Amino acid sequence: MHLSILLPAIVNGVLNGALYALIALGLTLVYGVLHIINFAHGTLLTAALFAAFFMHQMLGLDPYLAVFILTPAFFVVGYVLQRFIIGPASHGNDGNILLVTLGLAVIIENGLLFAFRGDTRTIDVAYGFAVVPIAGMFISVPRLVGFGGAVTVALLLWLLLSLTDTGKAIRAVAKEKLGAQLSGIDVAHIYAVTFGIGTACVAIAACLLIPTYYVNPHVGNAFVLIAFTTVVLGGMGSIPGALLGGLFVGLVESLCGLYLGESLGQIGIFLMFILVLLFRPGGLLGERA
Amino acid sequence: MSRGGYVAIVAVVAALACVPLFTGSNVVLNFLVTALLLTLAGQGWNVLGGYGGQYSFGHAAFFGTGAYATAILQMRYGLNAWPAFALGVAAGAGVGAAIGAVTFPSGLRGSYFALVTLAFAEVLRIVASVTPITGAGVGILIKLDVGARALQFPSRAAFYWFILALVAAALVITRLIEQSRFGAWLVAVRENEDAARALGVDPTRVKLGAITISAAMAAAAGSFYAQYFLFIDAPIAYGPWISVEALLAPIIGGVGTVFGPLLGALMVKTLGEAAKLVTGDVPGLDLVLYGVVLILVVGAAPRGVAGVGARCRAWLAPPQKLARQDVPHD
């Protein structure tokens with residue numbers, strides 16, 4: 001295939017992949033600390049996209065500004081969900097956690113469907129279709145911003161985890177829950193904080209996505225498996241892994257779309273997901289599980 | 001005791017079989033048919049998830065394969081509906097065995113198994129929505145050909161009895177599993193896979209057997225769906241709705257019990273109808289209620305409604321004099 005088609009596909013794939021990475025960051029953090037797979041992650045993204053949409057429609061707030069309101073708001077949402085619903089209802093049992101987060105996903109998705117119907121909505125912003133020419137290619141500005149945002153958030157998250165007291169507490173709980181508890185760390189609180197951070201990542205991703213994407217009650221589903229794939233690829237719980245995994249998934253999707261056609265592009269992701277789970281469940285970077 | 005289980009199955013099925021003698025109402029029969037359809041799919045989930053402890057989030061893969069195989073064999077290859085139905089069930093069981101054969105030997109369990117089943121169902125949904133043989137985005141209509149010979153009964157009561165017979169078979173099979181050595185192995189794998197292996201149980205083989213039976217039941221539900229509604233497309237056949245409802249019924253009714261899925265399916269469908277009465281045709285609310293009930297049941301009554309019943313009985317029953325039972329007189 002000619003390079004003038006292939007190269008933009010690769011660049012677009014990487015730019016998309018950065019957003020996948022951002023969504024996966026939240027998921028991998030929650031997995032790494034709480035050891036749970038959060039099935040509600042995708043629907044929380046849908047909820048955040050709706051929130052960003054209505055902030056723009058009702059208040060005229062640009063999504064890039066709304067991010068500063070939605071991030072703390074969704075942190076609180078995540079904190080409350082874990083502290084008062086997922087934690088108490090699951091009794092610390094793995095199967096129960098799966099079912100409770102699945103229940104949450106069903107509630108959020110269909111609550112949004114009930115409230116806003118199945119219509120697909122988009123927002124109009126001046127820079128929605130803006131492009132910059134780079135090396136003979138036209139790169140979409142909002143996607144470039146998304147890429148920058150995702151990398152920045154990953155960096156901030158890494159700093160938070162390695163430098164702050166909360167970060168240390170989170171890492172302590174992830175490593176040795178009982179020991180952390182014995183040294184005076186409030187584990188239930190740290191769990192909820194971690195879930196809150198994971199949810200906040202989703203809010204940031206939503207604000208970066210909405211200028212070029214659309215929103216309907218089912219839109220998060222498309223991202224759930226992509227995020228899981230990314231997390232599994234990068235190694236469950238690994239932040240650099242999630243970043244690399246996201247970029248790789250974006251690339252695979254873009255190239256599969258190019259060679260197999262748009263509707264089959266996602267198949268590549270799912271097949272990769274199944275293969276990685278079967279043969280390298282520890283992730284491409286991680287040790288064998 | 002061992003006979004008691006079958007007596008209960010016969011009694012429940014006989015009672016349900018009498019319903020059309022008392023009411024010809026299409027609304028009632030339609031409600032019961034959809035509840036029994038869900039019972040069948042839920043019983044399938046229950047065999048693998050309830051008894052075997054392997055939580056699948058992708059039973060749509062089996063349901064959809066049964067539905068599509070039944071429809072495709074009739075419409076594309078001109079097969080009669082009865083053998084098409086049987087082959088649909090077999091195809092679903094085959095997909096179950098294949099998925100089991102690639103996932104279980106590599107040691108996938110817990111959340112990983114749930115994820116990978118979900119991924120398989122999604123792959124099948126995407127493939128079905130683009131390939132010509134499944135009718136791609138349009139779906140498949142089964143030609144109207146009313147008559148028992150084409151498995152399109154003229155009366156709703158006959159359809160009802162047909163699905164009731166399938167459910168009865170599923171109940172008996174579940175009871176047989178429960179009492180067999182295979183069932184004991186299955187429960188041992190659920191409780192502690194490593195301990196089971198140490199005692200000489202082959203977990204992979206046991207789980208493989210369970211997923212095959214489980215998939216066959218879910219596929220029977222799918223095949224019935226195709227014959228009853230005469231239309232399927234990718235979101236119906238392989239969509240997440242059936243994966244969710246199939247696990248909801250046994251979990252609400254009581255996981256790992258023979259009657260759990262039946263009980264749960266009746267409750268789930270009643271709840272759904274109640275939601276429709278309140279909100280009319282606006283979609284979404286019934287599923288919101290399902291989600292709320294799922295979380296409440298998991299949080300407050302992990303053994304489902306059957307578990308609550310057992311707890312009430314234990315609480316009401318007078319304390320038994322254990323000593324007299326424990327010492328038999330020869």
# chains A, B, ... in the order shown; residues from 1 in each chain; ligands from 1
>>> closest_atom_pairs(of="chain B", to="chain A", cutoff="8 Å", atoms="only C-alpha atoms", output="JSON lines")
{"residue": "B:Tyr55", "atom": "CA", "partner": "A:Gly95", "partner_atom": "CA", "distance": 7.5}
{"residue": "B:Val102", "atom": "CA", "partner": "A:Leu278", "partner_atom": "CA", "distance": 7.5}
{"residue": "B:Thr103", "atom": "CA", "partner": "A:Leu278", "partner_atom": "CA", "distance": 6.6}
{"residue": "B:Ser106", "atom": "CA", "partner": "A:Leu278", "partner_atom": "CA", "distance": 6.0}
{"residue": "B:Leu108", "atom": "CA", "partner": "A:Leu278", "partner_atom": "CA", "distance": 7.4}
{"residue": "B:Gly110", "atom": "CA", "partner": "A:Gly95", "partner_atom": "CA", "distance": 7.1}
{"residue": "B:Ser111", "atom": "CA", "partner": "A:Ile37", "partner_atom": "CA", "distance": 6.7}
{"residue": "B:Tyr112", "atom": "CA", "partner": "A:Leu277", "partner_atom": "CA", "distance": 7.6}
{"residue": "B:Val116", "atom": "CA", "partner": "A:Ile274", "partner_atom": "CA", "distance": 6.2}
{"residue": "B:Ala119", "atom": "CA", "partner": "A:Phe270", "partner_atom": "CA", "distance": 6.0}
{"residue": "B:Phe120", "atom": "CA", "partner": "A:Phe270", "partner_atom": "CA", "distance": 7.8}
{"residue": "B:Glu122", "atom": "CA", "partner": "A:Phe270", "partner_atom": "CA", "distance": 7.8}
{"residue": "B:Val123", "atom": "CA", "partner": "A:Ile267", "partner_atom": "CA", "distance": 6.1}
{"residue": "B:Ile126", "atom": "CA", "partner": "A:Ile267", "partner_atom": "CA", "distance": 7.2}
{"residue": "B:Val127", "atom": "CA", "partner": "A:Leu264", "partner_atom": "CA", "distance": 7.8}
{"residue": "B:Val130", "atom": "CA", "partner": "A:Ser263", "partner_atom": "CA", "distance": 7.6}
{"residue": "B:Val282", "atom": "CA", "partner": "A:Phe114", "partner_atom": "CA", "distance": 6.5}
{"residue": "B:Pro283", "atom": "CA", "partner": "A:Phe114", "partner_atom": "CA", "distance": 5.8}
{"residue": "B:Gly284", "atom": "CA", "partner": "A:Asn110", "partner_atom": "CA", "distance": 4.5}
{"residue": "B:Leu285", "atom": "CA", "partner": "A:Phe114", "partner_atom": "CA", "distance": 6.0}
{"residue": "B:Leu287", "atom": "CA", "partner": "A:Asn110", "partner_atom": "CA", "distance": 6.2}
{"residue": "B:Val288", "atom": "CA", "partner": "A:Ile107", "partner_atom": "CA", "distance": 4.3}
{"residue": "B:Leu289", "atom": "CA", "partner": "A:Ile107", "partner_atom": "CA", "distance": 7.4}
{"residue": "B:Tyr290", "atom": "CA", "partner": "A:Gly103", "partner_atom": "CA", "distance": 7.7}
{"residue": "B:Gly291", "atom": "CA", "partner": "A:Gly103", "partner_atom": "CA", "distance": 4.3}
{"residue": "B:Val292", "atom": "CA", "partner": "A:Gly103", "partner_atom": "CA", "distance": 6.7}
{"residue": "B:Leu294", "atom": "CA", "partner": "A:Gly103", "partner_atom": "CA", "distance": 5.9}
{"residue": "B:Ile295", "atom": "CA", "partner": "A:Val100", "partner_atom": "CA", "distance": 5.2}
{"residue": "B:Leu296", "atom": "CA", "partner": "A:Ala89", "partner_atom": "CA", "distance": 7.4}
{"residue": "B:Val298", "atom": "CA", "partner": "A:Asn96", "partner_atom": "CA", "distance": 6.3}
{"residue": "B:Gly299", "atom": "CA", "partner": "A:Ala89", "partner_atom": "CA", "distance": 3.9}
{"residue": "B:Ala300", "atom": "CA", "partner": "A:Ala89", "partner_atom": "CA", "distance": 7.2}
>>> select_by_dssp(residues="segment 21-178 of chain A", states="strand (DSSP E or B)", output="list of chain:residue names")
A:Arg121, A:Val131, A:Val132, A:Pro133, A:Ile134, A:Met137, A:Phe138, A:Ile139, A:Ser140
>>> write_last_selection(atoms="C-alpha atoms", output="PDB file, in the first residue's frame")
ATOM      1  CA  ARG A 121     -25.591  13.829  19.697  1.00  0.00           C
ATOM      2  CA  VAL A 131      -6.005  20.646  11.005  1.00  0.00           C
ATOM      3  CA  VAL A 132      -2.307  21.414  11.011  1.00  0.00           C
ATOM      4  CA  PRO A 133      -0.006  20.293   8.223  1.00  0.00           C
ATOM      5  CA  ILE A 134       2.875  18.211   9.562  1.00  0.00           C
ATOM      6  CA  MET A 137       0.021  15.158   6.427  1.00  0.00           C
ATOM      7  CA  PHE A 138      -2.984  16.991   7.814  1.00  0.00           C
ATOM      8  CA  ILE A 139      -3.303  16.213  11.495  1.00  0.00           C
ATOM      9  CA  SER A 140      -6.506  16.986  13.352  1.00  0.00           C
TER      10      SER A 140
END
>>> select_by_dssp(residues="segment 59-205 of chain A", states="alpha helix (DSSP H)", output="ChimeraX atom specification")
/A:59,63-80,87-90,94-116,141-163,165-175,177-182,187-205
>>> residues_around(residues="segment 165-173 of chain A", least_positions_apart="3", cutoff="9 Å", atoms="only C-alpha atoms", output="mmCIF file with C-alpha atoms, in the first residue's frame")
data_model
loop_
_atom_site.group_PDB
_atom_site.id
_atom_site.type_symbol
_atom_site.label_atom_id
_atom_site.label_comp_id
_atom_site.auth_asym_id
_atom_site.auth_seq_id
_atom_site.Cartn_x
_atom_site.Cartn_y
_atom_site.Cartn_z
ATOM 1 C CA GLY A 32 -3.825 -2.705 40.295
ATOM 2 C CA VAL A 33 -5.026 -1.505 43.691
ATOM 3 C CA LEU A 34 -8.457 -3.052 44.234
ATOM 4 C CA LEU A 157 -0.672 10.257 37.726
ATOM 5 C CA TRP A 158 2.805 8.798 37.921
ATOM 6 C CA LEU A 159 4.002 11.816 39.954
ATOM 7 C CA LEU A 160 0.990 11.530 42.241
ATOM 8 C CA LEU A 161 1.670 7.879 42.896
ATOM 9 C CA SER A 162 5.402 8.250 43.477
ATOM 10 C CA GLU A 176 -0.054 -5.535 50.916
ATOM 11 C CA LYS A 177 -3.545 -4.661 52.059
ATOM 12 C CA LEU A 178 -3.313 -6.135 55.529
ATOM 13 C CA GLY A 179 0.075 -4.600 56.238
ATOM 14 C CA ALA A 180 -1.173 -1.201 55.091
ATOM 15 C CA GLN A 181 -4.166 -1.546 57.360
ATOM 16 C CA ILE A 185 -3.984 3.335 56.481
ATOM 17 C CA ASP A 186 -7.764 3.521 56.031
ATOM 18 C CA VAL A 187 -8.082 0.886 53.312
ATOM 19 C CA ILE A 190 -7.864 4.481 49.817
ATOM 20 C CA TYR A 191 -9.943 2.082 47.729
ATOM 21 C CA VAL A 193 -9.849 7.404 46.379
ATOM 22 C CA THR A 194 -8.338 5.050 43.801
#
>>> atom_distance(atom1="atom CA of Arg143 of chain A", atom2="atom CA of Leu243 of chain A")
16.0 Å
>>> residues_around(residues="segment 152-163 of chain B", least_positions_apart="2", cutoff="10 Å", atoms="only C-alpha atoms", output="VMD selection string")
chain B and resid 13 16 to 21 23 to 26 29 to 37 39 to 40 81 144 to 150 165 to 169 220 to 221 224 to 225 227 to 230
>>> residues_around(residues="segment 24-28 of chain A", least_positions_apart="4", cutoff="8 Å", atoms="only C-alpha atoms", output="list in words")
Tyr20, Gly32, Ile37, Asn38, His41, Ala154, Phe195, Ile197, Gly198, Thr199, Ala200, Cys201, Val202, Ala227, Phe228, Thr230, Val231, Met236, Gly237, Ser238, Ile239, Ala242, Leu243 and Gly246 of chain A
>>> residues_around(residues="Ile204 of chain A", least_positions_apart="2", cutoff="12 Å", atoms="only C-alpha atoms", output="ChimeraX atom specification")
/A:19-23,25-26,44-45,48-49,51-52,63-75,145-154,197-202,206-210
